[in-house]
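S.K.: Contents of run01.cif (mmCIF, C-alpha atoms) are given next:
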data_upload
loop_
_atom_site.label_atom_id
_atom_site.label_comp_id
_atom_site.auth_asym_id
_atom_site.auth_seq_id
_atom_site.Cartn_x
_atom_site.Cartn_y
_atom_site.Cartn_z
CA MET A 55 -3.19 -23.17 0.79
CA HIS A 56 -0.82 -20.63 2.34
CA ARG A 57 -1.62 -18.06 -0.35
CA GLY A 58 -5.34 -18.60 0.14
CA VAL A 59 -5.06 -18.02 3.89
CA ALA A 60 -2.92 -14.93 3.32
CA ALA A 61 -5.46 -13.55 0.85
CA LEU A 62 -8.27 -14.19 3.33
CA GLY A 63 -6.29 -12.39 6.02
CA ARG A 64 -5.71 -9.38 3.80
CA ALA A 65 -9.40 -9.21 2.95
CA LEU A 66 -10.27 -9.19 6.66
CA VAL A 67 -7.69 -6.51 7.42
CA ARG A 68 -9.06 -4.34 4.60
CA ARG A 69 -12.52 -4.56 6.12
CA LEU A 70 -11.12 -3.51 9.49
CA GLN A 71 -9.30 -0.64 7.77
CA ARG A 72 -12.62 1.17 7.31
CA ALA A 73 -12.86 1.65 11.07
CA VAL A 74 -9.45 3.37 11.36
CA PRO A 75 -9.72 7.12 12.10
CA GLY A 76 -8.70 9.63 9.44
CA GLY A 77 -5.25 11.17 9.32
CA GLY A 78 -6.27 14.82 9.54
CA GLY A 79 -3.43 17.09 8.45
CA GLY A 80 -0.83 14.34 8.38
CA VAL A 81 1.51 13.31 5.56
CA THR A 82 1.44 9.85 3.97
CA ILE A 83 4.69 8.62 2.44
CA LEU A 84 4.12 6.13 -0.40
CA ALA A 85 6.82 3.58 -1.21
CA TYR A 86 7.07 2.24 -4.78
CA HIS A 87 9.64 -0.05 -6.37
CA LEU A 88 8.86 -0.92 -10.01
CA VAL A 89 6.33 0.18 -12.61
CA GLY A 90 5.55 -2.06 -15.57
CA GLY A 91 8.72 -4.10 -15.08
CA ARG A 92 6.99 -7.38 -16.02
CA THR A 93 8.77 -9.21 -13.22
CA GLY A 94 5.84 -10.77 -11.36
CA SER A 95 7.10 -9.16 -8.16
CA PRO A 96 4.29 -8.08 -5.79
CA VAL A 97 5.80 -4.57 -5.76
CA ASP A 98 5.89 -4.30 -9.57
CA LEU A 99 2.77 -2.25 -10.38
CA PRO A 100 1.18 -2.24 -13.85
CA GLU A 101 1.69 1.07 -15.63
CA PRO A 102 -2.07 1.84 -15.86
CA VAL A 103 -2.41 1.40 -12.09
CA PHE A 104 0.53 3.67 -11.36
CA ARG A 105 -0.77 6.33 -13.76
CA SER A 106 -4.21 6.13 -12.17
CA GLN A 107 -2.73 6.60 -8.71
CA MET A 108 -0.56 9.54 -9.73
CA THR A 109 -3.53 11.13 -11.51
CA GLU A 110 -5.46 10.77 -8.26
CA LEU A 111 -2.67 12.59 -6.40
CA ALA A 112 -2.55 15.32 -9.04
CA ARG A 113 -6.29 15.91 -8.69
CA ARG A 114 -5.95 16.18 -4.94
CA GLY A 115 -3.04 18.61 -5.32
CA SER A 116 -1.48 17.01 -2.27
CA ALA A 117 2.02 15.88 -3.34
CA LEU A 118 5.11 17.54 -1.88
CA PRO A 119 8.86 16.77 -1.79
CA LEU A 120 10.24 14.73 1.09
CA SER A 121 12.55 17.63 2.01
CA GLU A 122 9.51 19.84 2.61
CA LEU A 123 8.07 17.27 5.00
CA VAL A 124 11.40 17.03 6.84
CA GLU A 125 11.54 20.80 7.19
CA SER A 126 7.99 20.82 8.58
CA VAL A 127 8.91 18.10 11.07
CA GLU A 128 11.93 20.06 12.25
CA ARG A 129 9.78 23.17 12.71
CA ARG A 130 6.83 21.21 14.17
CA ARG A 131 4.57 22.77 11.55
CA ARG A 132 1.41 20.83 10.68
CA PHE A 133 -0.26 20.99 7.28
CA GLU A 134 -3.83 22.20 7.03
CA SER A 135 -4.88 19.27 4.84
CA PRO A 136 -3.55 15.74 4.18
CA ARG A 137 -0.41 15.64 2.05
CA VAL A 138 1.54 12.92 0.24
CA VAL A 139 5.20 12.16 -0.50
CA VAL A 140 6.07 9.76 -3.33
CA THR A 141 9.22 7.65 -2.93
CA PHE A 142 10.88 4.88 -4.94
CA ASP A 143 13.41 2.36 -3.69
CA ASP A 144 16.55 0.71 -5.08
CA GLY A 145 17.53 2.80 -8.14
CA TYR A 146 16.39 0.63 -11.04
CA GLU A 147 16.53 2.19 -14.50
CA ASN A 148 12.84 1.29 -14.55
CA PHE A 149 12.23 4.45 -12.52
CA THR A 150 13.56 6.75 -15.24
CA ARG A 151 11.98 4.79 -18.09
CA ARG A 152 8.52 4.04 -16.68
CA ALA A 153 7.71 6.09 -13.59
CA LEU A 154 9.45 9.40 -14.27
CA PRO A 155 7.52 10.28 -17.47
CA VAL A 156 4.24 9.96 -15.57
CA LEU A 157 5.53 11.96 -12.61
CA ALA A 158 6.89 14.70 -14.89
CA GLU A 159 3.69 14.91 -16.91
CA LEU A 160 1.58 15.35 -13.77
CA GLY A 161 4.04 17.59 -11.92
CA ILE A 162 4.54 15.24 -8.98
CA PRO A 163 7.88 15.39 -7.09
CA ALA A 164 9.53 12.20 -5.86
CA THR A 165 12.46 10.85 -3.89
CA LEU A 166 14.54 7.97 -5.24
CA PHE A 167 16.44 5.96 -2.62
CA VAL A 168 19.37 4.27 -4.35
CA LEU A 169 21.54 1.28 -3.52
CA THR A 170 24.97 2.55 -4.44
CA ASP A 171 26.62 -0.85 -5.01
CA PHE A 172 23.77 -1.67 -7.40
CA VAL A 173 24.23 1.59 -9.30
CA ASP A 174 28.01 1.03 -9.31
CA GLY A 175 27.41 -2.37 -10.92
CA THR A 176 29.09 -4.39 -8.15
CA ARG A 177 25.88 -5.97 -6.83
CA ARG A 178 22.55 -7.11 -8.26
CA GLY A 179 19.31 -5.39 -7.43
CA PRO A 180 17.44 -6.68 -4.36
CA LEU A 181 14.09 -7.65 -5.90
CA ARG A 182 13.41 -11.28 -6.72
CA GLY A 183 12.60 -11.88 -10.35
CA ALA A 184 14.18 -8.60 -11.42
CA ALA A 185 17.69 -9.84 -12.12
CA ASP A 186 17.46 -8.68 -15.75
CA LEU A 187 16.51 -5.12 -14.85
CA PRO A 188 19.52 -2.78 -14.86
CA PRO A 189 20.18 0.10 -12.47
CA ALA A 190 20.06 3.76 -13.40
CA ASP A 191 23.53 5.17 -13.98
CA TRP A 192 25.13 8.10 -12.18
CA ASP A 193 24.72 10.45 -15.13
CA GLU A 194 20.97 9.81 -15.06
CA LEU A 195 20.81 10.33 -11.31
CA ARG A 196 22.78 13.57 -11.50
CA SER A 197 20.43 14.81 -14.22
CA LEU A 198 17.40 13.89 -12.09
CA ARG A 199 18.73 15.79 -9.10
CA GLU A 200 19.71 18.84 -11.15
CA GLY A 201 16.24 18.88 -12.72
CA GLY A 202 14.83 19.69 -9.29
CA ARG A 203 11.82 17.34 -9.30
CA VAL A 204 13.57 14.23 -7.97
CA GLU A 205 15.52 14.11 -4.71
CA ILE A 206 18.16 11.38 -4.35
CA GLY A 207 18.39 9.57 -1.02
CA SER A 208 20.37 6.61 0.25
CA HIS A 209 19.13 3.03 0.58
CA SER A 210 22.56 1.87 1.86
CA ARG A 211 25.33 0.31 -0.21
CA SER A 212 24.30 -3.36 -0.28
CA HIS A 213 20.80 -3.67 1.28
CA PRO A 214 21.79 -5.49 4.51
CA ASP A 215 19.92 -5.91 7.78
CA LEU A 216 21.57 -3.00 9.59
CA ARG A 217 20.81 -4.52 12.98
CA ARG A 218 23.28 -7.34 12.34
CA LEU A 219 26.26 -5.18 11.39
CA SER A 220 29.23 -4.26 13.53
CA ALA A 221 29.99 -0.58 14.14
CA ALA A 222 32.59 -0.61 11.37
CA GLU A 223 30.21 -2.30 8.93
CA LEU A 224 27.44 0.17 9.76
CA ALA A 225 29.77 3.08 9.09
CA ALA A 226 30.85 1.56 5.78
CA GLU A 227 27.24 1.10 4.65
CA LEU A 228 26.02 4.54 5.72
CA GLU A 229 29.02 6.77 5.08
CA GLY A 230 30.01 4.81 1.99
CA SER A 231 26.60 5.21 0.42
CA ALA A 232 26.41 8.93 1.20
CA ALA A 233 29.89 9.49 -0.23
CA ALA A 234 29.08 7.53 -3.40
CA ILE A 235 25.90 9.54 -3.99
CA GLU A 236 27.77 12.80 -3.46
CA ARG A 237 30.43 11.75 -5.99
CA GLY A 238 27.87 10.54 -8.48
CA THR A 239 25.28 13.33 -8.29
CA GLY A 240 27.19 16.31 -6.95
CA ALA A 241 25.16 16.56 -3.73
CA ARG A 242 25.23 14.70 -0.43
CA PRO A 243 21.94 12.91 0.35
CA ALA A 244 19.88 14.17 3.27
CA ALA A 245 17.53 11.20 3.70
CA PHE A 246 17.98 7.49 4.28
CA CYS A 247 15.68 4.50 3.70
CA TYR A 248 16.18 1.39 5.85
CA PRO A 249 16.70 -1.81 3.83
CA ARG A 250 13.68 -4.10 4.38
CA ALA A 251 12.39 -1.42 6.80
CA LEU A 252 14.42 -3.12 9.56
CA ARG A 253 15.98 -0.95 12.26
CA SER A 254 17.14 -0.91 15.86
CA ARG A 255 18.07 1.86 18.29
CA ARG A 256 21.71 1.22 17.55
CA ALA A 257 21.19 1.41 13.79
CA GLU A 258 19.00 4.49 14.19
CA ALA A 259 21.73 6.29 16.13
CA ALA A 260 24.25 5.47 13.40
CA VAL A 261 21.88 6.68 10.68
CA ALA A 262 21.24 9.93 12.56
CA ARG A 263 24.97 10.70 12.56
CA VAL A 264 25.03 10.67 8.75
CA TYR A 265 21.57 11.68 7.52
CA ARG A 266 19.14 14.46 8.34
CA ALA A 267 16.09 12.16 8.17
CA ALA A 268 15.10 8.55 7.59
CA VAL A 269 12.02 6.65 6.43
CA VAL A 270 10.88 3.41 8.04
CA GLY A 271 7.85 1.13 7.62
CA GLY A 272 4.77 0.87 9.78
CA GLY A 273 2.16 2.46 7.52
CA ARG A 274 1.53 5.44 9.78
CA THR A 275 0.59 8.93 8.63
CA ASN A 276 3.19 11.45 9.77
CA ASP A 277 2.09 14.35 11.96
CA PRO A 278 4.93 16.88 11.65
CA ARG A 279 4.29 18.09 15.20
CA ARG A 280 4.92 14.68 16.75
CA VAL A 281 6.89 12.38 14.47
CA HIS A 282 10.67 11.96 14.81
CA PRO A 283 12.59 12.94 11.62
CA HIS A 284 14.39 9.58 11.67
CA ARG A 285 11.18 7.56 12.05
CA LEU A 286 9.05 8.75 9.15
CA GLY A 287 6.46 6.05 8.45
CA ARG A 288 5.76 4.76 4.93
CA VAL A 289 3.20 2.63 3.12
CA SER A 290 4.52 0.13 0.58
CA LEU A 291 2.34 -0.16 -2.54
CA ARG A 292 1.76 -3.65 -3.95
CA ARG A 293 -0.10 -4.91 -6.98
CA ASP A 294 -2.64 -6.82 -4.86
CA MET A 295 -3.86 -3.63 -3.18
CA PRO A 296 -6.90 -1.63 -4.40
CA GLU A 297 -6.06 0.62 -7.34
CA SER A 298 -7.47 3.73 -5.68
CA LEU A 299 -5.29 5.35 -3.01
CA GLY A 300 -8.33 6.73 -1.18
CA GLU A 301 -8.29 4.48 1.88
CA VAL A 302 -4.50 4.68 2.16
CA LEU A 303 -4.40 8.47 2.01
CA ASP A 304 -7.33 9.04 4.34
CA ALA A 305 -6.28 6.67 7.15
CA ARG A 306 -4.14 7.48 10.16
CA VAL A 307 -2.49 4.06 9.85
CA VAL A 308 -2.69 1.45 7.08
CA LEU A 309 -3.26 -1.81 8.94
CA GLU A 310 -1.78 -4.06 6.23
CA GLU A 311 1.52 -2.25 6.39
CA TRP A 312 1.46 -1.96 10.18
CA ILE A 313 1.00 -5.73 10.53
CA ALA A 314 3.58 -6.50 7.83
CA ASP A 315 6.11 -4.31 9.63
CA ARG A 316 5.57 -6.16 12.91
CA VAL A 317 5.89 -9.53 11.18
CA ARG A 318 9.17 -8.48 9.49
CA HIS A 319 10.71 -7.55 12.82
CA LEU A 320 9.47 -10.69 14.58
CA ARG A 321 10.77 -12.98 11.84
CA ARG A 322 14.21 -11.42 11.84
CA GLY A 323 14.45 -10.44 15.48
CA ALA A 324 16.22 -13.62 16.57
CA ALA A 325 18.99 -12.99 14.04
CA GLY A 326 19.43 -9.36 14.97
CA ALA A 327 22.64 -9.58 17.03
CA PRO A 328 25.55 -7.50 15.69
CA ARG A 329 28.31 -9.65 14.22
CA ALA A 330 30.97 -8.14 16.48
CA ALA A 331 28.91 -9.03 19.56
CA ALA A 332 28.28 -12.54 18.26
CA ALA A 333 32.01 -13.09 17.82
CA ALA A 334 32.87 -11.79 21.30
#
I'd like the structure from this file rewritten - as structure tokens, please.

M.R.:
Amino acid sequence: MHRGVAALGRALVRRLQRAVPGGGGGVTILAYHLVGGRTGSPVDLPEPVFRSQMTELARRGSALPLSELVESVERRRRFESPRVVVTFDDGYENFTRRALPVLAELGIPATLFVLTDFVDGTRRGPLRGAADLPPADWDELRSLREGGRVEIGSHSRSHPDLRRLSAAELAAELEGSAAAIERGTGARPAAFCYPRALRSRRAEAAVARVYRAAVVGGGRTNDPRRVHPHRLGRVSLRRDMPESLGEVLDARVVLEEWIADRVRHLRRGAAGAPRAAAAA
């Protein structure tokens, strides 16, 4: 019953999406997780769907590295036509085995946000049903970075709700992840991805002390003249979404993601007190 109601709600939201104004010269950041992982996870896309979407981007000629978007945001320089940034979360080996060959074939750059405890082998990956999928190793990640087509960013050490951490715990997650990536790949990461897209002003300030930029949720297209470099909106791709990226890339905001982002924060808002404050 619950799934049926949810499906009905998504269908209604997708109809409303057609009335959303276009994004103009903004930049859409796409968030992927797995490709052809056979996990049953809603964020595990079939390989043919992923290839179709990347082929669509290649035809548009609109993909650019995340670092180029960040530079444009810092300079308040808007693009003449809509652009796209492709990102992947977590650091599963699935990225190098399934997604990377397609990206390399089509010449599409990407950013991979890695969980450093997962890559180190001290913690399982965060996706349900994907316990058997291993992480990429540091040699692979170093090779990706040195190849120049994949930028490596941080997704924290252990995928916590940053809003609940004490100052010391926040520093350990953010600085620890950045240091691990620098040791493992030879370069310090410039960008951060919030676990579960959950953030607060306090967490944002801590992130800004360590990273040049950060991606959040919300489904909004990013206008480099107006968006904050630590609040870059993203759209999470799921297997129940239309195969074509057309509506996602042409909209100023993707309503499904905007609503999902609000629901995430409402559900977890009551538990958002930092541990140090709770103990005081």

S.K.: I'd like the neighbourhood of Leu88 in chain A as a ChimeraX atom specification, where a residue qualifies if any of its atoms comes within 8 Å (using only C-alpha atoms), though same-chain residues fewer than 2 positions away should be ignored.

M.R.: /A:86,90-91,97-99,142,146,148-149,153

S.K.: List every protein, DNA or RNA residue that has an atom no more than 12 Å from (15.4, 21.0, -8.2) in the file's coordinate frame, counting all atoms listed in the file, and report them as an MDAnalysis selection string.

M.R.: chainID A and resid 119 121 163:165 196:206 241

S.K.: Could you check which of A:Gly80, A:Val302, A:Leu224, A:Arg237 is closest to Arg130 in chain A, using all atoms listed in the file?

M.R.: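 Once distances to Arg130 in chain A are computed over all atoms listed in the file, the minimum belongs to A:Gly80.
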
S.K.: Could you list the residues chosen by the PyMOL selection byres ((chain A and resi 283) around 7) in this structure as an MDAnalysis selection string?

M.R.: chainID A and resid 124 127 267:268 281:282 284:286

S.K.: Pick the closest to Ser231 in chain A from A:Glu110, A:Asp191, A:Asp171, A:Glu125: which is it, counting only C-alpha atoms?

M.R.: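 Ranking A:Glu110, A:Asp191, A:Asp171, A:Glu125 by distance to Ser231 in chain A, first place goes to A:Asp171.
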
S.K.: I need the output of the PyMOL selection byres ((chain A and resi 308-312) around 7) for this file as a PyMOL selection string; which residues are they?

M.R.: chain A and resi 67+71+272-274+289-290+302+305-307+313-316

S.K.: Write out as number ranges by chain which residues come within 7 Å of range 243-248 of chain A when counting all atoms listed in the file, dropping same-chain ones fewer than 5 positions away.

M.R.: A: 167, 206-209, 232, 235-236, 253, 265-270

S.K.: How would you write, as a ChimeraX atom specification, the residues chosen by the PyMOL selection byres ((chain A and resi 260) around 12) on this structure?

M.R.: /A:216-217,219-229,246,248,253-259,261-268,284
